[in-house]
Amino acid sequence: MRRKLLLAALILILVASFILVRVALNPEAIRPAAETRLSAMLGQPVRIGDMAVSMFPTPAVVGTDISIGADPEQAELTLERIRIVPRLRSLISGPYTIREVALLGLSLRIVRETTGHWRFPSVVPAPGGTGDGGVTVERVRLASGRIRVFEESREGLRETSRIDDVEAEAVAAGSGLRISPLEGSIGGSAVSGEATVNPLNVQATFALQQIRGEDLRVVLGLAATEPPPFVTLSEPAGVDMSVSFDRKTGRLKGTGKLRAPGVGFYTLRLSRLEAPIATDGVKLAFNPAAFSLYGGTQRGSLTVDLSGTVARWTLDSQVSGLDVGDFLGDLAGDSHRVDGTGTATARVWGRVGDAMPAGLSGQSRVTISDGVIRGFRLLAAINRALRLAEGDSQDTRFERLSATFRFSGAAETDDLVLVAREMRVEASGRIGYDGALAMRGIAALSPERTESAIRSVRELTGLRNERGELEVPVTIGGSIERPSFGVDVRAAVGRSIKEELRRRMRNLFRRD
């Protein structure tokens, strides 16, 4: 009997406690305080449409149908649910203490304006007291959150990236808060870090250790721009970043480091890319950027300018030890027509999204050593024109080929020099991006070949220069696949005769 009485008393106490908690957690009584507290935390008016008491797994008040800001249709912050878990003792003895506020489905909108300034939500929630002896919040937790990044244009806002599944905990830090740890995902790539927020600025550090190729678009979209389609990842890459947002000026700054074992740049293959990253919110710079390509090494800088309607990139590059055959094979699909070891310096630029190489501008200085141009029978064409023995070579081998190329709808040069064992060529003209050739210049035969040429055509004697080389005008047309050559022997003979006449006239005047 006594045991039954104790059990009944216990049940009565539990029921009474349950009723007491239910009464203390009266949603209509809590709603104004919760809305006031949330408005203070978020810096914007908050209205909670529905509030209900949940007793399991622990007593709490759950609010839904939440609107934030004066215009909910243009809200920078949205919230699906709020779960308020009080300390039960404070419901009876006071002061009223909230053990945890869980913000479920909080979504933040970050916008890069057309001016290059950034808009960040006014504030994120911070734990702490109200300052008037009222409600105290011990912990704020974010779950199932989302950070969305937009680019502003004349047509409106366009979402370029987002961080999903954001989980974080906020603790008071001075006049603001510290959010740590902060975890989420960008596409299928995990991101982790922390952030501090105060009335003056927002600072955040984060790391993406395994950026997969299919997630590169949304990762680069964090800069609020259309990512370049010509960049791909053949292996996962890693990025560490530290960014700071100034609330007063709307400016964003950041520094970090990029590591990428394998990168595709248009049709080219790069490896072991490492570069520091710096951004002012308008430009994104990788300087110095070092990587390996086709047996050689590159060092330079890459800058992406986000200020225009279409982003632009600029590359300053120094390359050495390059396998030219493999490089050109991937760049132009020339099936190893040109081979050798190359060095180059370049300053080139283009617009993100333009096709390459048609959209390329700038200039490059190129030198290729110990190489060959296959199927390029320039020496054979000269030999044939001068009635010399052609030989059976289908290729042009050289010790050095150098030129400065200007890129603007084609590759143009006025200082191409090719030095081979039997001839030296100086030429100018253009190489079209479709492979079309339109060049003219002078081919100077070696002294040995010159002696044979003069024996065949005596009138060429006057074209021998001070080095004993015979200079012949040549034109190069057709295409890289099927080049054609013109050797103007008649013009050469005519010029030789004129030179001989001038020589004889000078001698005649000297005798007089």
# chains A, B, ... in the order shown; residues from 1 in each chain; ligands from 1
$ select_by_dssp --residues "region 379-420 of chain A" --states "strand (DSSP E)" --output "list in words"
Thr396, Arg397, Phe398, Glu399, Arg400, Leu401, Ser402, Ala403, Thr404, Phe405, Arg406, Phe407, Ser408, Ala410, Ala411, Glu412, Thr413, Asp414, Asp415, Leu416, Val417, Leu418 and Val419 of chain A
$ closest_atom_pairs --of "region 96-206 of chain A" --to "region 259-281 of chain A" --cutoff "8 Å" --atoms "only C-alpha atoms" --output "Markdown table"
| residue | atom | partner | partner_atom | distance |
| --- | --- | --- | --- | --- |
| A:Gly116 | CA | A:Gly281 | CA | 6.5 |
| A:His117 | CA | A:Gly281 | CA | 7.3 |
| A:Trp118 | CA | A:Gly281 | CA | 7.7 |
$ residues_around --residues "region 100-114 of chain A" --least-positions-apart "6" --cutoff "7 Å" --atoms "only C-alpha atoms" --output "number ranges by chain"
A: 76-86, 120-121, 137-153, 224
$ closest_residue --among "A:Ala438, A:Val202, A:Arg384, A:Glu235" --to "Thr475 (chain A)" --atoms "only C-alpha atoms"
A:Ala438
$ residues_around --residues "region 349-354 of chain A" --least-positions-apart "2" --cutoff "9 Å" --atoms "only C-alpha atoms" --output "NGL selection string"
:A and (226-230 or 304 or 310-316 or 347 or 356-362)
$ write_last_selection --atoms "N, CA, C and O atoms" --output "mmCIF file, in the first residue's frame"
data_model
loop_
_atom_site.group_PDB
_atom_site.id
_atom_site.type_symbol
_atom_site.label_atom_id
_atom_site.label_comp_id
_atom_site.auth_asym_id
_atom_site.auth_seq_id
_atom_site.Cartn_x
_atom_site.Cartn_y
_atom_site.Cartn_z
ATOM 1 N N GLU A 226 31.116 34.702 -62.688
ATOM 2 C CA GLU A 226 31.017 33.494 -63.495
ATOM 3 C C GLU A 226 32.390 32.835 -63.548
ATOM 4 O O GLU A 226 33.367 33.440 -63.966
ATOM 5 N N PRO A 227 32.519 31.590 -63.082
ATOM 6 C CA PRO A 227 33.830 30.941 -63.068
ATOM 7 C C PRO A 227 34.320 30.676 -64.486
ATOM 8 O O PRO A 227 33.519 30.421 -65.392
ATOM 9 N N PRO A 228 35.651 30.741 -64.709
ATOM 10 C CA PRO A 228 36.189 30.505 -66.050
ATOM 11 C C PRO A 228 35.999 29.061 -66.481
ATOM 12 O O PRO A 228 36.433 28.136 -65.785
ATOM 13 N N PRO A 229 35.371 28.821 -67.625
ATOM 14 C CA PRO A 229 35.147 27.446 -68.069
ATOM 15 C C PRO A 229 36.415 26.766 -68.558
ATOM 16 O O PRO A 229 36.419 25.555 -68.749
ATOM 17 N N PHE A 230 37.492 27.536 -68.757
ATOM 18 C CA PHE A 230 38.713 26.951 -69.294
ATOM 19 C C PHE A 230 39.609 26.353 -68.209
ATOM 20 O O PHE A 230 40.682 25.846 -68.504
ATOM 21 N N VAL A 304 42.744 37.973 -62.049
ATOM 22 C CA VAL A 304 41.389 37.973 -62.593
ATOM 23 C C VAL A 304 40.692 39.234 -62.106
ATOM 24 O O VAL A 304 40.559 39.465 -60.895
ATOM 25 N N VAL A 310 32.033 41.524 -67.805
ATOM 26 C CA VAL A 310 32.651 40.222 -68.041
ATOM 27 C C VAL A 310 34.034 40.245 -67.397
ATOM 28 O O VAL A 310 34.812 41.179 -67.613
ATOM 29 N N ALA A 311 34.336 39.249 -66.585
ATOM 30 C CA ALA A 311 35.635 39.191 -65.922
ATOM 31 C C ALA A 311 36.753 39.031 -66.947
ATOM 32 O O ALA A 311 36.584 38.400 -67.993
ATOM 33 N N ARG A 312 37.912 39.610 -66.639
ATOM 34 C CA ARG A 312 39.077 39.535 -67.517
ATOM 35 C C ARG A 312 40.248 38.948 -66.728
ATOM 36 O O ARG A 312 40.362 39.164 -65.527
ATOM 37 N N TRP A 313 41.130 38.241 -67.442
ATOM 38 C CA TRP A 313 42.303 37.675 -66.804
ATOM 39 C C TRP A 313 43.566 38.181 -67.492
ATOM 40 O O TRP A 313 43.571 38.489 -68.673
ATOM 41 N N THR A 314 44.644 38.275 -66.729
ATOM 42 C CA THR A 314 45.952 38.699 -67.236
ATOM 43 C C THR A 314 47.005 37.735 -66.691
ATOM 44 O O THR A 314 47.032 37.449 -65.494
ATOM 45 N N LEU A 315 47.870 37.271 -67.586
ATOM 46 C CA LEU A 315 48.928 36.326 -67.194
ATOM 47 C C LEU A 315 50.289 36.912 -67.533
ATOM 48 O O LEU A 315 50.538 37.293 -68.674
ATOM 49 N N ASP A 316 51.148 37.014 -66.539
ATOM 50 C CA ASP A 316 52.566 37.323 -66.733
ATOM 51 C C ASP A 316 53.334 36.045 -66.455
ATOM 52 O O ASP A 316 53.238 35.489 -65.349
ATOM 53 N N ARG A 347 53.199 38.287 -71.621
ATOM 54 C CA ARG A 347 52.164 39.056 -70.916
ATOM 55 C C ARG A 347 50.944 39.024 -71.830
ATOM 56 O O ARG A 347 50.910 39.729 -72.857
ATOM 57 N N MET A 356 39.773 30.221 -76.947
ATOM 58 C CA MET A 356 41.204 30.375 -77.138
ATOM 59 C C MET A 356 41.634 29.530 -78.332
ATOM 60 O O MET A 356 41.079 28.463 -78.576
ATOM 61 N N PRO A 357 42.632 30.034 -79.096
ATOM 62 C CA PRO A 357 43.401 31.260 -78.838
ATOM 63 C C PRO A 357 42.793 32.514 -79.457
ATOM 64 O O PRO A 357 43.386 33.587 -79.410
ATOM 65 N N ALA A 358 41.584 32.417 -80.067
ATOM 66 C CA ALA A 358 41.005 33.564 -80.771
ATOM 67 C C ALA A 358 40.810 34.770 -79.848
ATOM 68 O O ALA A 358 40.926 35.915 -80.278
ATOM 69 N N GLY A 359 40.527 34.537 -78.563
ATOM 70 C CA GLY A 359 40.282 35.649 -77.650
ATOM 71 C C GLY A 359 41.522 36.159 -76.962
ATOM 72 O O GLY A 359 41.433 36.980 -76.047
ATOM 73 N N LEU A 360 42.700 35.719 -77.389
ATOM 74 C CA LEU A 360 43.946 36.069 -76.722
ATOM 75 C C LEU A 360 44.482 37.409 -77.218
ATOM 76 O O LEU A 360 44.445 37.706 -78.399
ATOM 77 N N SER A 361 44.992 38.213 -76.301
ATOM 78 C CA SER A 361 45.680 39.466 -76.629
ATOM 79 C C SER A 361 46.976 39.522 -75.830
ATOM 80 O O SER A 361 47.134 38.834 -74.829
ATOM 81 N N GLY A 362 47.914 40.365 -76.311
ATOM 82 C CA GLY A 362 49.165 40.524 -75.587
ATOM 83 C C GLY A 362 50.370 40.195 -76.430
ATOM 84 O O GLY A 362 50.330 40.259 -77.667
#
$ select_by_dssp --residues "region 122-240 of chain A" --states "alpha helix (DSSP H)" --output "VMD selection string"
chain A and resid 216 to 220
$ atom_distance --atom1 "CA of Asp339 (chain A)" --atom2 "CA of Glu422 (chain A)"
18.7 Å
$ closest_residue --among "A:Leu157, A:Ala420, A:Val372, A:Leu284" --to "Val324 (chain A)" --atoms "only C-alpha atoms"
A:Val372
$ atom_distance --atom1 "CA of Thr232 (chain A)" --atom2 "CA of Ser185 (chain A)"
19.5 Å
